[in-house]
Amino acid sequence: RDGRIDMPCDRRSSVPGDLSRRGWELTEAGDADAALACHREATGLPGAGGRTWFHRARSEQRFGHDAAARSSFGRSLTASLPPAEAKEAHFQLGKLQRDAGLLAEAEASYRAVLAIDPLLAGAHILLGVVLRELGRLEESVEAYGEGLRLNPSVAAAHYNRGQALLSLRRPAEAADGFRAALRADSAFSLAQEALGGALPRLGVGCVSISATSPTPQTSRPRLGHTSEARCSTSATRTARQRR
């Protein structure tokens with residue numbers, strides 16, 4: 001309005017960090033084109049280091065440019081990053097790699113996270129996911145178990161560990177995992193169904209909701225009845241197969 005041209009980046013600056021910070025401000029404002037232009041300019045300057053590439057990667061990831069984000073996270077990790085940002089870069093890179101089906105690379109990324117912070121439950125759990133998808137079920141069960149030891153409240157991890165145990169033909173341990181999932185989330189219907197399917201393998205005819213979660217049966221009668229019906233059907237089917 002006053003004759004000046006509104007430019008998203010201060011092109012008078014030759015400091016990568018200045019442009020990178022402006023790029024992140026624009027990212028948080030939701031201006032994808034301007035944000036990514038700033039980040040590209042920042043990483044193109046002499047002296048652009050790991051943090052500049054890290055913030056570019058986060059913006060690319062935010063706006064759904066996953067392949068570009070994988071490349072930028074990789075560039076950030078070849079430079080010098082402080083441990084906290086290196087951990088985050090490996091973690092986010094692992095997620096992007098798994099989404100792209102790059103499972104071996106994702107495994108390496110999560111192991112790199114754990115080399116920095118062995119107490120990060122989420123990295124153990126996501127490593128368990130990747131190992132299960134790679135068909136390495138014993139290792140997957142171990143990774144899930146370590147993550148759940150550090151944070152036992154993740155219902156989905158209990159459920160997924162239970163499914164891996166079922167695949168290993170360890171139904172008693174799988175049932176314990178499904179029960180743990182229901183203790184963490186009594187409304188987790190997939191865990192209830194899986195438990196109903198696992199119990200007949202142990203010779204148990206049916207189960208009520210009160211046996212699998214702290215929620216009294218009277219407070220969730222429909223879920224309890226559904227569980228018993230499924231379990232009875234599974235038991236009947238198993239008995240027929242044995243004849």
# chains A, B, ... in the order shown; residues from 1 in each chain; ligands from 1
call {"tool": "residues_around", "arguments": {"residues": "Val129 in chain A", "least_positions_apart": "3", "cutoff": "10 Å", "atoms": "only C-alpha atoms", "output": "list in words"}}
result
Arg98, Leu103, Glu107, Ala123, His124, Ile125, Leu126, Arg132, Glu133, Leu134, Leu137, Ser140, Val141, Ala143, Tyr144, Ala157, Asn160, Arg161 and Ala164 of chain A
call {"tool": "select_by_dssp", "arguments": {"residues": "range 9-224 of chain A", "states": "alpha helix (DSSP H)", "output": "PyMOL selection string"}}
result
chain A and resi 16-28+32-43+50-62+66-78+83-99+103-116+121-133+137-150+155-167+171-184+189-198+221-224
call {"tool": "residues_around", "arguments": {"residues": "Val154 in chain A", "least_positions_apart": "3", "cutoff": "12 Å", "atoms": "only C-alpha atoms", "output": "PyMOL selection string"}}
result
chain A and resi 121-122+124-126+144-145+147-151+157-161+177-178+180-185+188
call {"tool": "residues_around", "arguments": {"residues": "Arg169 in chain A", "least_positions_apart": "6", "cutoff": "12 Å", "atoms": "only C-alpha atoms", "output": "list in words"}}
result
Leu137, Glu138, Gly162, Gln163, Ala175, Ala198, Arg201 and Leu202 of chain A
call {"tool": "residues_around", "arguments": {"residues": "Asp18 in chain A", "least_positions_apart": "6", "cutoff": "10 Å", "atoms": "only C-alpha atoms", "output": "count of residues only"}}
result
5
call {"tool": "decode", "arguments": {"residues": "range 33-45 of chain A", "atoms": "all heavy atoms", "output": "mmCIF file, in the first residue's frame"}}
result
data_model
loop_
_atom_site.group_PDB
_atom_site.id
_atom_site.type_symbol
_atom_site.label_atom_id
_atom_site.label_comp_id
_atom_site.auth_asym_id
_atom_site.auth_seq_id
_atom_site.Cartn_x
_atom_site.Cartn_y
_atom_site.Cartn_z
ATOM 1 N N ASP A 33 3.626 -21.859 0.651
ATOM 2 C CA ASP A 33 4.511 -21.407 -0.421
ATOM 3 C C ASP A 33 5.598 -20.476 0.100
ATOM 4 O O ASP A 33 6.783 -20.620 -0.225
ATOM 5 C CB ASP A 33 3.702 -20.705 -1.516
ATOM 6 C CG ASP A 33 2.822 -21.672 -2.290
ATOM 7 O OD1 ASP A 33 3.090 -22.885 -2.240
ATOM 8 O OD2 ASP A 33 1.857 -21.205 -2.927
ATOM 9 N N ALA A 34 5.196 -19.500 0.914
ATOM 10 C CA ALA A 34 6.170 -18.545 1.433
ATOM 11 C C ALA A 34 7.142 -19.208 2.391
ATOM 12 O O ALA A 34 8.348 -18.935 2.374
ATOM 13 C CB ALA A 34 5.445 -17.387 2.125
ATOM 14 N N ALA A 35 6.632 -20.102 3.245
ATOM 15 C CA ALA A 35 7.494 -20.777 4.215
ATOM 16 C C ALA A 35 8.555 -21.605 3.516
ATOM 17 O O ALA A 35 9.751 -21.533 3.845
ATOM 18 C CB ALA A 35 6.650 -21.658 5.129
ATOM 19 N N LEU A 36 8.130 -22.390 2.544
ATOM 20 C CA LEU A 36 9.083 -23.265 1.865
ATOM 21 C C LEU A 36 10.068 -22.467 1.022
ATOM 22 O O LEU A 36 11.244 -22.851 0.895
ATOM 23 C CB LEU A 36 8.336 -24.289 1.013
ATOM 24 C CG LEU A 36 7.479 -25.277 1.823
ATOM 25 C CD1 LEU A 36 6.667 -26.170 0.901
ATOM 26 C CD2 LEU A 36 8.327 -26.113 2.766
ATOM 27 N N ALA A 37 9.623 -21.328 0.483
ATOM 28 C CA ALA A 37 10.554 -20.467 -0.247
ATOM 29 C C ALA A 37 11.641 -19.942 0.677
ATOM 30 O O ALA A 37 12.824 -19.904 0.315
ATOM 31 C CB ALA A 37 9.794 -19.310 -0.892
ATOM 32 N N CYS A 38 11.251 -19.539 1.893
ATOM 33 C CA CYS A 38 12.248 -19.066 2.863
ATOM 34 C C CYS A 38 13.233 -20.168 3.223
ATOM 35 O O CYS A 38 14.441 -19.931 3.306
ATOM 36 C CB CYS A 38 11.548 -18.568 4.129
ATOM 37 S SG CYS A 38 10.928 -16.891 4.037
ATOM 38 N N HIS A 39 12.714 -21.361 3.470
ATOM 39 C CA HIS A 39 13.596 -22.463 3.862
ATOM 40 C C HIS A 39 14.539 -22.849 2.726
ATOM 41 O O HIS A 39 15.721 -23.139 2.972
ATOM 42 C CB HIS A 39 12.763 -23.666 4.308
ATOM 43 C CG HIS A 39 12.157 -23.503 5.664
ATOM 44 N ND1 HIS A 39 12.910 -23.315 6.800
ATOM 45 C CD2 HIS A 39 10.859 -23.495 6.071
ATOM 46 C CE1 HIS A 39 12.112 -23.206 7.854
ATOM 47 N NE2 HIS A 39 10.873 -23.313 7.438
ATOM 48 N N ARG A 40 14.045 -22.846 1.510
ATOM 49 C CA ARG A 40 14.933 -23.164 0.382
ATOM 50 C C ARG A 40 16.030 -22.112 0.251
ATOM 51 O O ARG A 40 17.195 -22.438 -0.014
ATOM 52 C CB ARG A 40 14.120 -23.258 -0.912
ATOM 53 C CG ARG A 40 13.328 -24.554 -1.043
ATOM 54 C CD ARG A 40 12.788 -24.733 -2.454
ATOM 55 N NE ARG A 40 11.797 -23.713 -2.785
ATOM 56 C CZ ARG A 40 10.491 -23.853 -2.590
ATOM 57 N NH1 ARG A 40 10.013 -24.967 -2.047
ATOM 58 N NH2 ARG A 40 9.656 -22.893 -2.958
ATOM 59 N N GLU A 41 15.645 -20.858 0.463
ATOM 60 C CA GLU A 41 16.651 -19.794 0.388
ATOM 61 C C GLU A 41 17.675 -19.948 1.510
ATOM 62 O O GLU A 41 18.879 -19.786 1.299
ATOM 63 C CB GLU A 41 15.961 -18.426 0.478
ATOM 64 C CG GLU A 41 16.879 -17.269 0.176
ATOM 65 C CD GLU A 41 16.124 -15.967 0.004
ATOM 66 O OE1 GLU A 41 14.906 -16.006 -0.228
ATOM 67 O OE2 GLU A 41 16.770 -14.915 0.118
ATOM 68 N N ALA A 42 17.197 -20.288 2.712
ATOM 69 C CA ALA A 42 18.100 -20.431 3.859
ATOM 70 C C ALA A 42 19.107 -21.549 3.633
ATOM 71 O O ALA A 42 20.304 -21.396 3.904
ATOM 72 C CB ALA A 42 17.292 -20.693 5.123
ATOM 73 N N THR A 43 18.623 -22.704 3.147
ATOM 74 C CA THR A 43 19.541 -23.833 2.972
ATOM 75 C C THR A 43 20.460 -23.638 1.763
ATOM 76 O O THR A 43 21.453 -24.371 1.632
ATOM 77 C CB THR A 43 18.751 -25.146 2.802
ATOM 78 O OG1 THR A 43 17.773 -24.991 1.762
ATOM 79 C CG2 THR A 43 18.056 -25.530 4.095
ATOM 80 N N GLY A 44 20.148 -22.678 0.915
ATOM 81 C CA GLY A 44 21.015 -22.402 -0.222
ATOM 82 C C GLY A 44 22.146 -21.445 0.080
ATOM 83 O O GLY A 44 23.030 -21.241 -0.762
ATOM 84 N N LEU A 45 22.139 -20.865 1.279
ATOM 85 C CA LEU A 45 23.182 -19.906 1.645
ATOM 86 C C LEU A 45 24.427 -20.613 2.169
ATOM 87 O O LEU A 45 24.332 -21.684 2.777
ATOM 88 C CB LEU A 45 22.663 -18.951 2.717
ATOM 89 C CG LEU A 45 21.600 -17.940 2.268
ATOM 90 C CD1 LEU A 45 21.039 -17.206 3.486
ATOM 91 C CD2 LEU A 45 22.194 -16.941 1.277
#
